Structures are given as C-alpha cells and as structure tokens.
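All remarks here apply to the structure that follows.
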Amino acid sequence: MELTVAGIAIITEACIDVKDRACVGVCPVQCLYEFDAQNNRLFSEEEHGSGVVENVHTPNADAIGIFGDSILYVNLDECTSCTACYQPDVCPVGAIYSDEHVPDGAAKSSYNSADPNKGHDHTFFIEHSRAVFAD
C-alpha cells in the first residue's frame, strides 16, 4: 500500500500552454520540472530563469506523451508539502492544488478563483503526476 502525504502539489490543466513558472520561483526544493523534448529529460532549475539545472529525471514515455512540454510537472517524491506554490497569489491561472483539494468536477468542488476549467474533473492529474517520472 502506497502512502500519500497530504498537501503535495498537483498541477492541473490550466497550466497547459501557459507555464507561467511563478510556482518555480517560490519552490524551496526545486520539485517543479519542465520537459526538454530535445534531450528527453525533465529538469528543474536551481533558481527560476537561471539556466542552472538543479535536478534531472527521465520521463515515462507514455505519460510525458500526453502533454509534453506544454505543462509543468511536480515530482511528488520531492515535494515537501510546503504549500508555497498553491497559494492564491502565486499561479495566475489557478492551476495548482493540494492533492487533498483537487476538484473532481462535482457541483460541491471548490476551484481556485483563477482556474478557467471550473467544473472539470482534475483528479486525473494526481496519477499523471506520479506516472510522468520514470526513474
């Protein structure tokens, strides 16, 4: 049985083709990754925009093939549940949720105010976040 740490960050569909990267700037452990298709790797920077790579992972080909480089990815094994990235003033499109609060599309679901995909079931992104990191 796999244990789930409450509060890990999940990036959802509002990030697709936006990738504002404000979340990268507030992450204290660099667990937010971009996909580099040319080198087939997921990478995080030491500091957003620095160009200095902090961590590198090999992506799962099937999982990365869904969104490719159009979205940012959270390595759930590295996320410390610090809550910095899913604070209301960080992501301008409301794409990031705590895993325990990812909306399921039900009428009672609570969405980030900036999330343009209100009413959608975002729970797919929990498993996708786990699947994208192959190593």
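Order determines the names: the first chain of the structure tokens is A, the second B, and so forth; residues in each chain are numbered 1 upward, and ligands are numbered 1 upward as they are shown.
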
Please tabulate, as a Markdown table, the residues of region 107-133 of chain A that come within 12 Å of region 27-48 of chain A, each with its closest pair of atoms and the distance in Å to one decimal, counting only C-alpha atoms and ordering rows by chain, then residue number upward.
```
| residue | atom | partner | partner_atom | distance |
| --- | --- | --- | --- | --- |
| A:Ser129 | CA | A:Leu32 | CA | 10.7 |
| A:Val132 | CA | A:Leu42 | CA | 9.2 |
| A:Phe133 | CA | A:Leu42 | CA | 8.1 |
```

Could the residues in this selection be saved with N, CA and C atoms as a PDB file, in the first residue's frame?
```pdb
ATOM      1  N   SER A 129       0.793  12.897 -12.383  1.00  0.00           N
ATOM      2  CA  SER A 129       1.989  13.433 -11.729  1.00  0.00           C
ATOM      3  C   SER A 129       2.909  12.318 -11.245  1.00  0.00           C
ATOM      4  N   VAL A 132       4.561  10.366 -14.642  1.00  0.00           N
ATOM      5  CA  VAL A 132       5.458  11.039 -15.585  1.00  0.00           C
ATOM      6  C   VAL A 132       6.949  10.834 -15.257  1.00  0.00           C
ATOM      7  N   PHE A 133       7.277  10.606 -13.985  1.00  0.00           N
ATOM      8  CA  PHE A 133       8.675  10.396 -13.604  1.00  0.00           C
ATOM      9  C   PHE A 133       8.994   8.897 -13.645  1.00  0.00           C
TER      10      PHE A 133
END
```

Would you list the contacts of Lys19 (chain A) as a ChimeraX atom specification, taking every protein, DNA or RNA residue within 12 Å and counting only C-alpha atoms, but skipping same-chain residues closer than 6 positions in sequence?
/A:11-13,32-35,67,69-73,91-96

Export of the given selection (C-alpha atoms) as a PDB file, in the first residue's frame:
```
ATOM      1  CA  ILE A  11      -0.551  20.953 -11.353  1.00  0.00           C
ATOM      2  CA  THR A  12      -3.738  20.714 -13.421  1.00  0.00           C
ATOM      3  CA  GLU A  13      -4.940  21.572 -16.917  1.00  0.00           C
ATOM      4  CA  LEU A  32       8.784  21.583 -10.242  1.00  0.00           C
ATOM      5  CA  TYR A  33      10.031  20.375 -13.619  1.00  0.00           C
ATOM      6  CA  GLU A  34       9.896  21.270 -17.273  1.00  0.00           C
ATOM      7  CA  PHE A  35      10.186  18.757 -20.075  1.00  0.00           C
ATOM      8  CA  PHE A  67       1.150  16.888 -22.507  1.00  0.00           C
ATOM      9  CA  ASP A  69       6.418  20.387 -22.871  1.00  0.00           C
ATOM     10  CA  SER A  70       3.104  22.254 -22.622  1.00  0.00           C
ATOM     11  CA  ILE A  71       2.819  21.925 -18.826  1.00  0.00           C
ATOM     12  CA  LEU A  72       4.988  21.921 -15.697  1.00  0.00           C
ATOM     13  CA  TYR A  73       5.330  18.751 -13.610  1.00  0.00           C
ATOM     14  CA  CYS A  91      -0.278  30.803 -10.015  1.00  0.00           C
ATOM     15  CA  PRO A  92      -2.056  33.411 -12.160  1.00  0.00           C
ATOM     16  CA  VAL A  93      -4.262  30.761 -13.802  1.00  0.00           C
ATOM     17  CA  GLY A  94      -5.132  28.789 -10.651  1.00  0.00           C
ATOM     18  CA  ALA A  95      -3.615  25.540 -11.948  1.00  0.00           C
ATOM     19  CA  ILE A  96      -2.108  24.257  -8.690  1.00  0.00           C
TER      20      ILE A  96
END
```

Check chain A with DSSP on the backbone and list each residue it calls strand (DSSP E), as a ChimeraX atom specification.
/A:9-11,32-36,41-45,53-57,73-74,96-98

Please identify which residues in region 7-128 of chain A DSSP calls alpha helix (DSSP H) from the backbone, and express them as a list in words.
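Of region 7-128 of chain A, only Ala22, Cys23, Val24, Gly25, Val26, Ala61, Asp62, Ala63, Ile64, Gly65, Ile66, Phe67, Phe124, Phe125, Ile126, Glu127 and His128 of chain A fall in alpha helix (DSSP H).
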
With N, CA and C atoms retained, could you export that selection as a compact mmCIF listing (two decimals), in the first residue's frame?
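Output saved as selection_28.txt:
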```
# COMPACT_ATOMS: atom_id res chain seq x y z
N ALA A 22 5.74 31.02 -12.10
CA ALA A 22 5.79 31.70 -10.80
C ALA A 22 5.96 30.68 -9.68
N CYS A 23 5.39 29.51 -9.86
CA CYS A 23 5.50 28.44 -8.86
C CYS A 23 6.94 27.99 -8.70
N VAL A 24 7.68 27.96 -9.79
CA VAL A 24 9.09 27.55 -9.75
C VAL A 24 9.88 28.51 -8.87
N GLY A 25 9.56 29.79 -8.97
CA GLY A 25 10.26 30.80 -8.20
C GLY A 25 10.05 30.73 -6.70
N VAL A 26 8.95 30.13 -6.26
CA VAL A 26 8.67 30.05 -4.82
C VAL A 26 8.98 28.69 -4.22
N ALA A 61 7.75 7.60 -21.09
CA ALA A 61 7.39 7.99 -22.47
C ALA A 61 5.88 8.12 -22.67
N ASP A 62 5.11 7.18 -22.15
CA ASP A 62 3.66 7.24 -22.34
C ASP A 62 3.05 8.43 -21.61
N ALA A 63 3.48 8.65 -20.37
CA ALA A 63 2.91 9.73 -19.56
C ALA A 63 3.32 11.10 -20.09
N ILE A 64 4.59 11.26 -20.46
CA ILE A 64 5.05 12.56 -20.95
C ILE A 64 4.44 12.87 -22.31
N GLY A 65 4.09 11.82 -23.06
CA GLY A 65 3.48 12.00 -24.37
C GLY A 65 2.11 12.66 -24.34
N ILE A 66 1.46 12.65 -23.20
CA ILE A 66 0.13 13.26 -23.10
C ILE A 66 0.20 14.77 -23.24
N PHE A 67 1.07 15.42 -22.48
CA PHE A 67 1.15 16.89 -22.51
C PHE A 67 2.50 17.42 -22.98
N PHE A 124 -7.48 13.28 -12.55
CA PHE A 124 -6.56 12.61 -13.46
C PHE A 124 -5.12 13.05 -13.22
N PHE A 125 -4.93 14.32 -12.88
CA PHE A 125 -3.59 14.88 -12.75
C PHE A 125 -2.83 14.34 -11.54
N ILE A 126 -3.52 13.78 -10.57
CA ILE A 126 -2.84 13.19 -9.42
C ILE A 126 -2.03 11.98 -9.88
N GLU A 127 -2.68 11.06 -10.57
CA GLU A 127 -1.98 9.87 -11.06
C GLU A 127 -0.98 10.23 -12.16
N HIS A 128 -1.33 11.18 -13.00
CA HIS A 128 -0.41 11.60 -14.06
C HIS A 128 0.88 12.15 -13.47
```

Please compute the CA of Glu100 (chain A)-CA of Val56 (chain A) distance, one decimal, in Å.
26.9 Å

Residue neighbourhood Asp135 (chain A), 9 Å, only C-alpha atoms, exclusion window fewer than 2 positions, as a PDB file with C-alpha atoms, in the first residue's frame:
```
ATOM      1  CA  HIS A  57      14.868  12.886 -14.354  1.00  0.00           C
ATOM      2  CA  THR A  58      13.975  10.555 -17.181  1.00  0.00           C
ATOM      3  CA  PRO A  59      10.296  10.800 -18.157  1.00  0.00           C
ATOM      4  CA  ASN A  60       7.931   7.894 -18.681  1.00  0.00           C
ATOM      5  CA  PHE A 133       8.675  10.396 -13.604  1.00  0.00           C
TER       6      PHE A 133
END
```

What's around Tyr111 (chain A) at 12 Å? Count only C-alpha atoms, leave out sequence neighbours fewer than 6 positions away in its own chain, and write the answer as an MDAnalysis selection string.
chainID A and resid 12 14 86 88 93:98 101:105 117:122
